[in-house]
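**Student:** As input, take final-v7.txt (compact mmCIF, C-alpha atoms (C1' of nucleotides)):
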```txt
# COMPACT_ATOMS: atom_id res chain seq x y z
CA MET Y 1 -15.81 22.64 34.92
CA ILE Y 2 -13.66 24.19 32.28
CA GLU Y 3 -10.92 21.91 30.99
CA LYS Y 4 -7.80 23.26 32.52
CA SER Y 5 -5.96 25.55 30.16
CA LYS Y 6 -5.21 23.45 27.14
CA ASN Y 7 -2.04 24.87 25.80
CA THR Y 8 -1.73 22.15 23.25
CA ASP Y 9 -3.97 23.80 20.70
CA ARG Y 10 -1.20 26.26 19.97
CA SER Y 11 1.04 25.58 17.04
CA THR Y 12 3.81 25.50 19.61
CA GLU Y 13 5.25 22.20 18.41
CA VAL Y 14 6.92 20.30 21.16
CA VAL Y 15 10.61 20.69 20.51
CA PRO Y 16 12.75 17.65 21.28
CA ARG Y 17 15.32 18.53 23.92
CA PRO Y 18 18.98 18.01 23.16
CA GLY Y 19 21.57 16.60 25.61
CA GLY Y 20 20.77 15.72 29.23
CA ARG Y 21 19.49 12.55 30.82
CA SER Y 22 18.34 11.14 27.51
CA ALA Y 23 21.75 11.65 26.01
CA ARG Y 24 23.48 9.76 28.80
CA ILE Y 25 21.10 6.84 28.48
CA GLN Y 26 21.46 6.75 24.73
CA ALA Y 27 25.24 6.65 25.11
CA ALA Y 28 25.02 3.88 27.68
CA VAL Y 29 22.81 1.77 25.44
CA ILE Y 30 25.00 2.24 22.42
CA GLN Y 31 28.08 1.35 24.42
CA ALA Y 32 26.31 -1.73 25.75
CA VAL Y 33 25.57 -2.85 22.22
CA GLU Y 34 29.17 -2.40 21.18
CA GLU Y 35 30.40 -4.34 24.18
CA LEU Y 36 27.99 -7.19 23.61
CA LYS Y 37 29.00 -7.40 19.98
CA GLN Y 38 32.51 -8.28 21.12
CA ASN Y 39 31.26 -11.57 22.55
CA GLN Y 40 30.84 -13.99 19.75
CA ASP Y 41 27.47 -15.71 19.71
CA PRO Y 42 25.16 -13.06 18.33
CA SER Y 43 22.24 -14.71 20.10
CA GLU Y 44 23.31 -12.83 23.23
CA LEU Y 45 22.69 -9.58 21.41
CA THR Y 46 19.15 -9.16 22.65
CA VAL Y 47 17.23 -6.15 23.90
CA PRO Y 48 16.90 -7.41 27.48
CA ALA Y 49 20.62 -8.19 27.57
CA ILE Y 50 21.51 -4.78 26.20
CA ALA Y 51 19.20 -3.08 28.65
CA ASP Y 52 20.73 -5.01 31.49
CA ARG Y 53 24.25 -4.04 30.62
CA ALA Y 54 23.29 -0.42 30.05
CA GLY Y 55 21.53 -0.26 33.41
CA VAL Y 56 18.24 0.53 31.78
CA THR Y 57 14.88 -1.18 31.45
CA PRO Y 58 13.99 -2.88 28.17
CA SER Y 59 10.95 -0.67 27.72
CA THR Y 60 13.21 2.34 27.46
CA ILE Y 61 14.97 0.79 24.50
CA TYR Y 62 11.76 -0.36 22.85
CA ARG Y 63 10.20 3.05 23.22
CA ARG Y 64 13.16 4.91 21.85
CA TRP Y 65 14.25 2.62 19.01
CA GLY Y 66 11.20 0.50 18.36
CA THR Y 67 13.04 -2.65 17.40
CA LEU Y 68 16.40 -4.28 17.83
CA ASN Y 69 16.96 -3.89 14.10
CA GLU Y 70 16.70 -0.11 14.34
CA LEU Y 71 19.05 0.07 17.29
CA LEU Y 72 21.61 -2.09 15.54
CA ALA Y 73 21.26 0.01 12.40
CA GLU Y 74 22.03 3.16 14.32
CA VAL Y 75 25.00 1.67 16.11
CA ALA Y 76 26.40 0.21 12.90
CA ALA Y 77 26.07 3.55 11.13
CA ARG Y 78 27.97 5.21 13.96
CA ASN Y 79 30.74 2.66 13.77
CA MET Y 80 31.16 3.32 10.09
CA ARG Y 81 32.38 6.81 10.86
CA PRO Y 82 36.05 6.88 9.88
CA ASP Y 83 38.32 7.56 12.81
CA ALA Y 84 40.90 9.40 10.74
CA PRO Y 85 41.17 11.22 7.43
CA PRO Y 86 42.76 9.26 4.59
CA GLN Y 87 46.52 8.90 4.82
CA ASP Y 88 48.41 11.72 3.08
CA THR Y 89 51.28 10.34 1.05
CA GLY Y 90 51.88 13.49 -0.96
CA ASP Y 91 50.37 11.96 -4.09
CA TRP Y 92 46.60 12.15 -4.16
CA ARG Y 93 46.28 9.34 -6.65
CA ASN Y 94 48.18 7.15 -4.30
CA ASP Y 95 46.11 8.39 -1.35
CA LEU Y 96 43.02 7.37 -3.22
CA ALA Y 97 44.31 3.91 -4.00
CA VAL Y 98 45.53 3.30 -0.48
CA TRP Y 99 42.35 4.50 1.10
CA LEU Y 100 40.13 2.57 -1.27
CA HIS Y 101 41.90 -0.73 -0.84
CA GLU Y 102 41.55 -0.42 2.90
CA PHE Y 103 37.93 0.60 2.54
CA VAL Y 104 37.18 -2.43 0.41
CA GLU Y 105 38.96 -4.75 2.77
CA GLU Y 106 37.00 -3.46 5.74
CA MET Y 107 33.67 -3.63 3.97
CA SER Y 108 34.32 -7.11 2.63
CA SER Y 109 35.36 -8.51 5.99
CA GLU Y 110 32.85 -10.44 8.03
CA PRO Y 111 32.40 -7.62 10.57
CA GLY Y 112 32.05 -5.19 7.70
CA ARG Y 113 29.38 -7.24 6.00
CA VAL Y 114 27.53 -7.58 9.27
CA MET Y 115 27.56 -3.81 9.71
CA LEU Y 116 26.30 -3.28 6.19
CA ARG Y 117 23.53 -5.77 6.76
CA GLU Y 118 22.53 -4.01 9.95
CA VAL Y 119 22.63 -0.54 8.42
CA LEU Y 120 20.62 -1.54 5.37
CA GLY Y 121 18.27 -3.69 7.42
CA GLY Y 122 16.93 -0.71 9.36
CA GLU Y 123 13.84 1.07 8.14
CA ARG Y 124 15.10 4.60 8.58
CA PRO Y 125 17.12 5.61 5.52
CA ASP Y 126 19.11 8.10 7.61
CA ASN Y 127 21.61 5.50 8.72
CA ALA Y 128 22.49 4.32 5.26
CA GLY Y 129 22.64 7.92 4.14
CA GLN Y 130 25.16 8.67 6.82
CA CYS Y 131 27.40 5.89 5.58
CA SER Y 132 27.63 7.27 2.08
CA SER Y 133 28.08 10.70 3.60
CA PHE Y 134 31.14 9.47 5.47
CA THR Y 135 32.52 7.95 2.30
CA ARG Y 136 31.91 11.13 0.40
CA GLN Y 137 33.74 13.14 3.03
CA GLN Y 138 36.79 10.93 2.81
CA LEU Y 139 36.83 11.24 -0.95
CA ASP Y 140 36.44 15.01 -0.73
CA THR Y 141 39.37 15.17 1.64
CA ILE Y 142 41.58 13.37 -0.83
CA LEU Y 143 40.39 15.38 -3.79
CA ALA Y 144 41.05 18.61 -1.90
CA ARG Y 145 44.72 17.73 -2.03
CA VAL Y 146 44.82 18.00 -5.80
CA ASN Y 147 46.70 21.01 -7.06
CA ASN Y 148 44.04 22.42 -9.31
CA ASP Y 149 46.53 24.40 -11.34
CA GLU Y 150 48.21 21.28 -12.64
CA GLU Y 151 45.48 18.76 -13.03
CA ARG Y 152 41.77 18.52 -12.89
CA PRO Y 153 40.55 16.04 -10.26
CA PRO Y 154 37.54 13.83 -10.89
CA ALA Y 155 34.27 14.82 -9.28
CA THR Y 156 33.35 13.07 -6.05
CA ASP Y 157 30.12 11.89 -7.61
CA ASP Y 158 32.01 10.26 -10.45
CA LEU Y 159 34.17 8.37 -8.02
CA LEU Y 160 31.08 7.23 -6.16
CA ASP Y 161 29.49 6.05 -9.39
CA GLN Y 162 32.49 4.48 -11.00
CA VAL Y 163 34.44 3.08 -8.07
CA ILE Y 164 32.56 2.95 -4.80
CA ALA Y 165 29.27 1.77 -6.24
CA PRO Y 166 30.65 -1.20 -8.22
CA VAL Y 167 32.66 -2.32 -5.23
CA MET Y 168 29.70 -2.08 -2.89
CA TYR Y 169 27.45 -3.83 -5.35
CA ARG Y 170 29.78 -6.77 -5.47
CA ILE Y 171 30.06 -6.93 -1.70
CA LEU Y 172 26.33 -6.76 -1.18
CA PHE Y 173 25.05 -8.88 -4.03
CA THR Y 174 27.69 -11.43 -4.96
CA ASN Y 175 29.64 -14.08 -3.20
CA ALA Y 176 32.88 -12.84 -4.67
CA PRO Y 177 34.31 -9.86 -2.80
CA PRO Y 178 36.26 -7.46 -5.01
CA GLU Y 179 39.82 -8.52 -5.72
CA ARG Y 180 42.61 -5.99 -5.44
CA ASP Y 181 43.19 -6.03 -9.20
CA TYR Y 182 39.58 -5.37 -9.93
CA THR Y 183 39.45 -2.44 -7.55
CA GLN Y 184 42.62 -0.99 -8.99
CA LYS Y 185 41.23 -1.17 -12.49
CA LEU Y 186 38.18 0.74 -11.39
CA ILE Y 187 40.41 3.48 -10.02
CA ASP Y 188 42.54 3.61 -13.14
CA LYS Y 189 39.52 3.83 -15.36
CA ALA Y 190 37.95 6.57 -13.28
CA LEU Y 191 41.16 8.57 -13.32
CA GLY Y 192 41.49 8.17 -17.05
CA VAL Y 193 44.64 6.10 -16.99
CA ASN Y 194 45.41 4.46 -20.30
CA SER Y 195 46.07 0.81 -19.78
CA THR Y 196 44.96 -0.56 -23.13
CA MET W 1 23.04 -57.82 22.94
CA ILE W 2 24.55 -56.49 19.80
CA GLU W 3 23.40 -53.03 18.87
CA LYS W 4 21.06 -53.56 16.02
CA SER W 5 22.81 -53.10 12.71
CA LYS W 6 24.06 -49.56 12.77
CA ASN W 7 24.03 -48.57 9.19
CA THR W 8 25.00 -45.03 10.03
CA ASP W 9 28.71 -45.72 10.12
CA ARG W 10 28.70 -45.96 6.35
CA SER W 11 29.72 -42.92 4.39
CA THR W 12 26.17 -42.99 3.12
CA GLU W 13 25.50 -39.34 3.90
CA VAL W 14 21.87 -38.67 4.48
CA VAL W 15 20.76 -36.99 1.32
CA PRO W 16 18.23 -34.19 1.74
CA ARG W 17 15.05 -35.19 0.02
CA PRO W 18 13.69 -33.05 -2.79
CA GLY W 19 9.99 -32.39 -3.42
CA GLY W 20 7.21 -33.96 -1.35
CA ARG W 21 5.57 -32.95 1.89
CA SER W 22 8.26 -30.42 2.71
CA ALA W 23 7.86 -28.78 -0.64
CA ARG W 24 4.14 -28.33 -0.20
CA ILE W 25 4.58 -26.80 3.21
CA GLN W 26 7.29 -24.48 1.98
CA ALA W 27 5.01 -23.31 -0.81
CA ALA W 28 2.15 -22.75 1.59
CA VAL W 29 4.30 -20.69 3.92
CA ILE W 30 5.70 -18.57 1.15
CA GLN W 31 2.26 -17.95 -0.23
CA ALA W 32 1.04 -17.01 3.23
CA VAL W 33 3.79 -14.45 3.51
CA GLU W 34 2.91 -12.94 0.17
CA GLU W 35 -0.75 -12.75 1.09
CA LEU W 36 -0.05 -11.14 4.43
CA LYS W 37 2.18 -8.58 2.81
CA GLN W 38 -0.81 -7.32 0.86
CA ASN W 39 -2.44 -6.11 4.05
CA GLN W 40 -0.86 -2.86 5.00
CA ASP W 41 0.33 -2.71 8.61
CA PRO W 42 3.48 -4.76 8.55
CA SER W 43 3.04 -5.52 12.24
CA GLU W 44 0.70 -8.31 11.18
CA LEU W 45 3.56 -9.95 9.36
CA THR W 46 4.57 -12.19 12.20
CA VAL W 47 5.63 -15.81 12.35
CA PRO W 48 2.55 -17.01 14.26
CA ALA W 49 0.30 -15.17 11.81
CA ILE W 50 2.10 -16.65 8.82
CA ALA W 51 1.96 -20.11 10.33
CA ASP W 52 -1.74 -19.71 10.97
CA ARG W 53 -2.52 -18.73 7.43
CA ALA W 54 -0.33 -21.45 6.00
CA GLY W 55 -2.01 -24.07 8.17
CA VAL W 56 1.23 -24.91 9.88
CA THR W 57 2.63 -24.60 13.37
CA PRO W 58 5.07 -21.79 14.17
CA SER W 59 7.75 -24.24 15.20
CA THR W 60 7.85 -25.58 11.67
CA ILE W 61 8.73 -22.14 10.38
CA TYR W 62 11.26 -21.47 13.09
CA ARG W 63 12.97 -24.77 12.52
CA ARG W 64 13.17 -24.37 8.79
CA TRP W 65 14.04 -20.68 8.46
CA GLY W 66 15.36 -19.78 11.88
CA THR W 67 14.09 -16.24 11.95
CA LEU W 68 11.44 -14.09 10.34
CA ASN W 69 14.20 -12.09 8.70
CA GLU W 70 15.48 -15.15 6.85
CA LEU W 71 12.03 -16.13 5.68
CA LEU W 72 11.33 -12.63 4.43
CA ALA W 73 14.69 -12.56 2.70
CA GLU W 74 13.89 -15.74 0.84
CA VAL W 75 10.44 -14.59 -0.19
CA ALA W 76 11.73 -11.21 -1.30
CA ALA W 77 14.44 -12.82 -3.40
CA ARG W 78 11.83 -15.01 -5.07
CA ASN W 79 9.67 -12.02 -5.87
CA MET W 80 12.56 -10.30 -7.54
CA ARG W 81 12.54 -12.92 -10.24
CA PRO W 82 11.47 -11.15 -13.41
CA ASP W 83 8.23 -12.51 -14.81
CA ALA W 84 9.18 -11.82 -18.40
CA PRO W 85 12.28 -11.25 -20.51
CA PRO W 86 13.01 -7.62 -21.39
CA GLN W 87 10.79 -6.16 -24.07
CA ASP W 88 12.16 -6.62 -27.59
CA THR W 89 11.80 -3.45 -29.60
CA GLY W 90 14.15 -4.46 -32.37
CA ASP W 91 16.87 -2.11 -31.16
CA TRP W 92 18.92 -3.53 -28.33
CA ARG W 93 20.05 -0.12 -27.15
CA ASN W 94 16.46 0.85 -26.78
CA ASP W 95 15.64 -2.45 -25.10
CA LEU W 96 18.34 -1.71 -22.57
CA ALA W 97 17.08 1.77 -21.86
CA VAL W 98 13.47 0.68 -21.55
CA TRP W 99 14.29 -2.22 -19.32
CA LEU W 100 16.61 -0.22 -17.12
CA HIS W 101 14.20 2.63 -16.53
CA GLU W 102 11.57 0.19 -15.46
CA PHE W 103 14.05 -1.65 -13.28
CA VAL W 104 15.06 1.56 -11.55
CA GLU W 105 11.50 2.60 -11.01
CA GLU W 106 10.62 -0.73 -9.43
CA MET W 107 13.64 -0.77 -7.19
CA SER W 108 13.15 2.83 -6.10
CA SER W 109 9.49 2.36 -5.25
CA GLU W 110 8.52 1.77 -1.67
CA PRO W 111 7.72 -1.92 -2.22
CA GLY W 112 11.01 -2.24 -4.06
CA ARG W 113 12.99 -0.71 -1.27
CA VAL W 114 11.26 -2.93 1.24
CA MET W 115 12.22 -5.99 -0.79
CA LEU W 116 15.81 -4.84 -1.04
CA ARG W 117 15.91 -4.27 2.70
CA GLU W 118 14.55 -7.73 3.32
CA VAL W 119 16.89 -9.43 0.90
CA LEU W 120 19.97 -7.68 2.23
CA GLY W 121 18.82 -8.03 5.82
CA GLY W 122 19.05 -11.81 5.73
CA GLU W 123 22.20 -13.55 6.81
CA ARG W 124 22.42 -15.99 3.96
CA PRO W 125 24.15 -14.32 1.01
CA ASP W 126 22.37 -16.66 -1.41
CA ASN W 127 19.30 -14.49 -1.62
CA ALA W 128 21.16 -11.34 -2.55
CA GLY W 129 23.22 -13.37 -4.97
CA GLN W 130 20.10 -14.57 -6.67
CA CYS W 131 18.94 -11.00 -7.21
CA SER W 132 22.04 -9.99 -9.08
CA SER W 133 21.82 -13.25 -10.94
CA PHE W 134 18.35 -12.32 -12.16
CA THR W 135 19.60 -8.92 -13.23
CA ARG W 136 22.51 -10.45 -15.04
CA GLN W 137 20.21 -12.79 -16.92
CA GLN W 138 18.05 -9.95 -18.11
CA LEU W 139 21.09 -8.06 -19.31
CA ASP W 140 22.43 -11.13 -21.06
CA THR W 141 19.13 -11.58 -22.83
CA ILE W 142 19.30 -8.06 -24.19
CA LEU W 143 22.93 -8.33 -25.19
CA ALA W 144 22.25 -11.58 -27.00
CA ARG W 145 20.15 -9.56 -29.43
CA VAL W 146 23.14 -7.62 -30.64
CA ASN W 147 24.24 -8.52 -34.14
CA ASN W 148 27.87 -9.22 -33.44
CA ASP W 149 28.88 -8.68 -37.04
CA GLU W 150 27.93 -5.06 -36.95
CA GLU W 151 28.75 -3.88 -33.48
CA ARG W 152 30.48 -5.08 -30.41
CA PRO W 153 28.17 -5.15 -27.37
CA PRO W 154 29.41 -4.16 -23.94
CA ALA W 155 30.17 -6.95 -21.48
CA THR W 156 27.50 -7.77 -18.94
CA ASP W 157 29.96 -7.13 -16.15
CA ASP W 158 30.65 -3.66 -17.47
CA LEU W 159 26.98 -2.85 -17.46
CA LEU W 160 26.70 -4.12 -13.92
CA ASP W 161 29.64 -1.98 -12.84
CA GLN W 162 28.80 1.16 -14.74
CA VAL W 163 25.03 1.24 -14.73
CA ILE W 164 23.38 -1.16 -12.31
CA ALA W 165 25.78 -0.61 -9.45
CA PRO W 166 25.59 3.21 -9.38
CA VAL W 167 21.84 3.06 -9.55
CA MET W 168 21.60 0.54 -6.74
CA TYR W 169 24.08 2.44 -4.64
CA ARG W 170 21.93 5.54 -4.85
CA ILE W 171 18.80 3.64 -3.99
CA LEU W 172 20.35 1.90 -1.03
CA PHE W 173 22.50 4.65 0.43
CA THR W 174 20.99 7.99 -0.46
CA ASN W 175 17.67 9.69 -0.03
CA ALA W 176 17.60 10.72 -3.65
CA PRO W 177 16.47 7.93 -5.96
CA PRO W 178 18.02 8.04 -9.43
CA GLU W 179 16.39 10.50 -11.81
CA ARG W 180 15.65 9.43 -15.34
CA ASP W 181 18.26 11.79 -16.75
CA TYR W 182 20.91 10.42 -14.48
CA THR W 183 20.13 6.85 -15.41
CA GLN W 184 20.13 7.67 -19.10
CA LYS W 185 23.54 9.30 -18.81
CA LEU W 186 24.90 6.17 -17.21
CA ILE W 187 23.65 4.13 -20.13
CA ASP W 188 25.03 6.52 -22.70
CA LYS W 189 28.40 6.55 -21.04
CA ALA W 190 28.53 2.78 -20.79
CA LEU W 191 27.62 2.41 -24.45
CA GLY W 192 30.25 4.94 -25.48
CA VAL W 193 27.82 7.50 -26.79
CA ASN W 194 29.39 10.86 -27.46
CA SER W 195 27.34 13.54 -25.81
CA THR W 196 30.04 16.11 -25.10
C1' DC I 1 10.63 28.56 42.48
C1' DC I 2 6.97 26.26 40.28
C1' DC I 3 4.91 24.20 36.20
C1' DT I 4 4.87 21.49 32.18
C1' DT I 5 6.29 17.75 29.66
C1' DA I 6 9.20 14.27 27.56
C1' DA I 7 11.32 10.32 29.01
C1' DG I 8 12.33 6.55 32.28
C1' DG I 9 11.26 2.80 35.76
C1' DC I 10 8.45 -0.92 37.15
C1' DA I 11 5.48 -4.69 36.72
C1' DA I 12 1.58 -6.94 34.66
C1' DA I 13 -0.23 -8.47 30.38
C1' DT I 14 0.77 -10.24 25.72
C1' DA I 15 3.18 -12.17 22.19
C1' DT I 16 7.03 -14.56 20.51
C1' DT I 17 10.40 -18.12 20.26
C1' DT I 18 12.42 -22.41 21.88
C1' DT I 19 12.28 -27.17 23.17
C1' DG I 20 11.05 -32.02 24.26
C1' DC I 21 8.58 -35.68 22.70
C1' DG I 22 5.39 -38.33 20.09
C1' DT I 23 3.76 -38.88 15.15
C1' DT I 24 3.89 -38.95 10.15
C1' DA I 25 5.23 -39.68 5.54
C1' DA I 26 8.92 -40.11 2.02
C1' DG I 27 12.36 -43.23 0.22
C1' DG I 28 15.29 -47.23 0.22
C1' DG I 29 16.23 -52.19 0.71
C1' DG I 30 14.84 -56.75 1.19
C1' DC R 1 4.89 -55.20 -1.50
C1' DC R 2 6.14 -54.45 3.22
C1' DC R 3 9.29 -52.88 6.63
C1' DC R 4 12.80 -49.76 8.28
C1' DT R 5 15.06 -45.49 8.79
C1' DT R 6 15.00 -40.78 9.17
C1' DA R 7 13.98 -35.98 8.33
C1' DA R 8 10.35 -33.09 9.14
C1' DC R 9 6.01 -31.93 11.42
C1' DG R 10 2.53 -31.17 15.17
C1' DC R 11 1.55 -30.17 19.79
C1' DA R 12 1.98 -28.09 24.08
C1' DA R 13 4.77 -26.51 27.87
C1' DA R 14 8.54 -23.55 29.06
C1' DA R 15 11.40 -19.80 28.30
C1' DT R 16 12.04 -15.17 26.33
C1' DA R 17 10.90 -11.13 24.46
C1' DT R 18 7.71 -7.19 23.64
C1' DT R 19 4.00 -4.10 24.82
C1' DT R 20 1.38 -1.32 27.88
C1' DG R 21 -0.52 1.31 31.84
C1' DC R 22 0.66 3.99 35.50
C1' DC R 23 3.70 6.35 38.42
C1' DT R 24 8.08 8.95 39.06
C1' DT R 25 11.90 11.82 37.64
C1' DA R 26 14.48 15.53 35.77
C1' DA R 27 15.17 19.10 32.16
C1' DG R 28 13.70 23.62 30.67
C1' DG R 29 10.81 27.64 30.58
C1' DG R 30 8.20 31.28 32.64
```
Would you mind writing the structure in this file as structure tokens?
**Tutor:**
Amino acid sequence: MIEKSKNTDRSTEVVPRPGGRSARIQAAVIQAVEELKQNQDPSELTVPAIADRAGVTPSTIYRRWGTLNELLAEVAARNMRPDAPPQDTGDWRNDLAVWLHEFVEEMSSEPGRVMLREVLGGERPDNAGQCSSFTRQQLDTILARVNNDEERPPATDDLLDQVIAPVMYRILFTNAPPERDYTQKLIDKALGVNST
Amino acid sequence: MIEKSKNTDRSTEVVPRPGGRSARIQAAVIQAVEELKQNQDPSELTVPAIADRAGVTPSTIYRRWGTLNELLAEVAARNMRPDAPPQDTGDWRNDLAVWLHEFVEEMSSEPGRVMLREVLGGERPDNAGQCSSFTRQQLDTILARVNNDEERPPATDDLLDQVIAPVMYRILFTNAPPERDYTQKLIDKALGVNST
DNA sequence: CCCTTAAGGCAAATATTTTGCGTTAAGGGG
DNA sequence: CCCCTTAACGCAAAATATTTGCCTTAAGGG
């Protein structure tokens, strides 16, 4: 008997389908994770518990995300998405300072550090990449407010190197979260302010 | 009957004992982890497997480290300890460049990224702190070679902020590991080299 | 409307983590 | 030097979590 028409030998790669049942389940799972994270006691944040609350079987979660770490990484990355563009005070330098101080405070907080740990703990680099992408977008938004005729704004990359990176390094690798003064000095230096 | 002499009501806090049986077991477990990490297929890197190889019961590991993540974080932090001081070429600027390029290459490599993930994935901040402590020591060693009569070396903190941090940020949060040119420019800028 | 296929549910099989309890060895005091 | 106390370990049973095989479901495409 001839094997029934194998259509798999075509280069017709199986294209992943967008939206639909999968999407609803994914949303339910993610929401379940966020809800369970409200309850203190992180030991309740387990795959079976998440599955239960999402109305899904554990195997669904394991098959889609592989491990709890990956699921948490994805959720954390999502939650890092800013819910608003940086405040517009009319002075972009001020916007930058205001936004940055808030950014640092959020990242240094316990929930912030937990999110960072989760994002960086995942194996897929996408999630971490998304975080810096969000940050970059916020910076771009602020820099777009500069009147280019009057002054030349710093490049986004320079701000990432000279301000964001040092702040993140301290949060991730030292016990001393960045003080407000320290952060401000980084800004001033990056913007070329003379404070000798 | 009088409860037999309770000597626990004294302020004689029970002091954790250094070295001894515990120390040997700890060493055996850590070595087991390192050996198992040689074998590709990280799915073999499991607590029962580690316990087996270390000649220990799993419960010992769970009680001491809590989770696999914590154990891996500790081992990774240990392995980040440099095994030699930075090469001494006679020119500290060169020493810095040589050391840094090697540092970046190690951290960007797949094993390096895995170690970073493990270190940052643990809950105890000590391990990450130790990493930056190692880095700081290496930098200090290089800077100590500067002849202070002739030139003023940069501060270690400035190097951390302006060179190490940007490099680490890119490794952790972007898909593009730092190119050699990029790293060199960071050094030049931090050392005040005019390259306009 | 039917066909194909990726994804989900269910439940059994595995693997892991946790826990209670008895044992061991390191230190300290008499 | 011996005993006493205690933290840490081993062992094994119990509790959880993870993996897997097989069947069912629903989204898209022809």
**Student:** In Å, with one decimal, what is the gap from atom CA of W:Ile25 to atom C1' of R:DC2?
**Tutor:**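 Pair atom CA of W:Ile25 / atom C1' of R:DC2 returns 27.7 Å.
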**Student:** Taking all atoms listed in the file into account, what are the residues of chain I at most 9 Å from chain Y, put as a ChimeraX atom specification?
**Tutor:** /I:5-10
**Student:** Report, in Å with one decimal, the straight-line distance from atom CA of W:Leu120 to atom CA of W:Ala77.
**Tutor:** 9.4 Å
**Student:** For chain Y, list the residues within 10 Å of chain W, counting only C-alpha atoms, and write the list as a ChimeraX atom specification.
**Tutor:** /Y:69,113-114,116-123,125-133,157-158,160-176,186
**Student:** Any chance you could export the current selection's C-alpha atoms as an mmCIF file, keeping the file's coordinate frame?
**Tutor:**
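Once written, selection-v4.cif looks like this:
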```cif
data_model
loop_
_atom_site.group_PDB
_atom_site.id
_atom_site.type_symbol
_atom_site.label_atom_id
_atom_site.label_comp_id
_atom_site.auth_asym_id
_atom_site.auth_seq_id
_atom_site.Cartn_x
_atom_site.Cartn_y
_atom_site.Cartn_z
ATOM 1 C CA ASN Y 69 16.960 -3.890 14.100
ATOM 2 C CA ARG Y 113 29.380 -7.240 6.000
ATOM 3 C CA VAL Y 114 27.530 -7.580 9.270
ATOM 4 C CA LEU Y 116 26.300 -3.280 6.190
ATOM 5 C CA ARG Y 117 23.530 -5.770 6.760
ATOM 6 C CA GLU Y 118 22.530 -4.010 9.950
ATOM 7 C CA VAL Y 119 22.630 -0.540 8.420
ATOM 8 C CA LEU Y 120 20.620 -1.540 5.370
ATOM 9 C CA GLY Y 121 18.270 -3.690 7.420
ATOM 10 C CA GLY Y 122 16.930 -0.710 9.360
ATOM 11 C CA GLU Y 123 13.840 1.070 8.140
ATOM 12 C CA PRO Y 125 17.120 5.610 5.520
ATOM 13 C CA ASP Y 126 19.110 8.100 7.610
ATOM 14 C CA ASN Y 127 21.610 5.500 8.720
ATOM 15 C CA ALA Y 128 22.490 4.320 5.260
ATOM 16 C CA GLY Y 129 22.640 7.920 4.140
ATOM 17 C CA GLN Y 130 25.160 8.670 6.820
ATOM 18 C CA CYS Y 131 27.400 5.890 5.580
ATOM 19 C CA SER Y 132 27.630 7.270 2.080
ATOM 20 C CA SER Y 133 28.080 10.700 3.600
ATOM 21 C CA ASP Y 157 30.120 11.890 -7.610
ATOM 22 C CA ASP Y 158 32.010 10.260 -10.450
ATOM 23 C CA LEU Y 160 31.080 7.230 -6.160
ATOM 24 C CA ASP Y 161 29.490 6.050 -9.390
ATOM 25 C CA GLN Y 162 32.490 4.480 -11.000
ATOM 26 C CA VAL Y 163 34.440 3.080 -8.070
ATOM 27 C CA ILE Y 164 32.560 2.950 -4.800
ATOM 28 C CA ALA Y 165 29.270 1.770 -6.240
ATOM 29 C CA PRO Y 166 30.650 -1.200 -8.220
ATOM 30 C CA VAL Y 167 32.660 -2.320 -5.230
ATOM 31 C CA MET Y 168 29.700 -2.080 -2.890
ATOM 32 C CA TYR Y 169 27.450 -3.830 -5.350
ATOM 33 C CA ARG Y 170 29.780 -6.770 -5.470
ATOM 34 C CA ILE Y 171 30.060 -6.930 -1.700
ATOM 35 C CA LEU Y 172 26.330 -6.760 -1.180
ATOM 36 C CA PHE Y 173 25.050 -8.880 -4.030
ATOM 37 C CA THR Y 174 27.690 -11.430 -4.960
ATOM 38 C CA ASN Y 175 29.640 -14.080 -3.200
ATOM 39 C CA ALA Y 176 32.880 -12.840 -4.670
ATOM 40 C CA LEU Y 186 38.180 0.740 -11.390
#
```
**Student:** At a cut-off of 12 Å, which residues of chain R touch chain W? Count all atoms listed in the file and give the answer as number ranges by chain.
**Tutor:** R: 4-12
**Student:** Can you tell me how far atom CA of Y:Gln184 sits from atom CA of W:Lys189, in Å to one decimal?
**Tutor:**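 Interatomic distance here is 20.1 Å.
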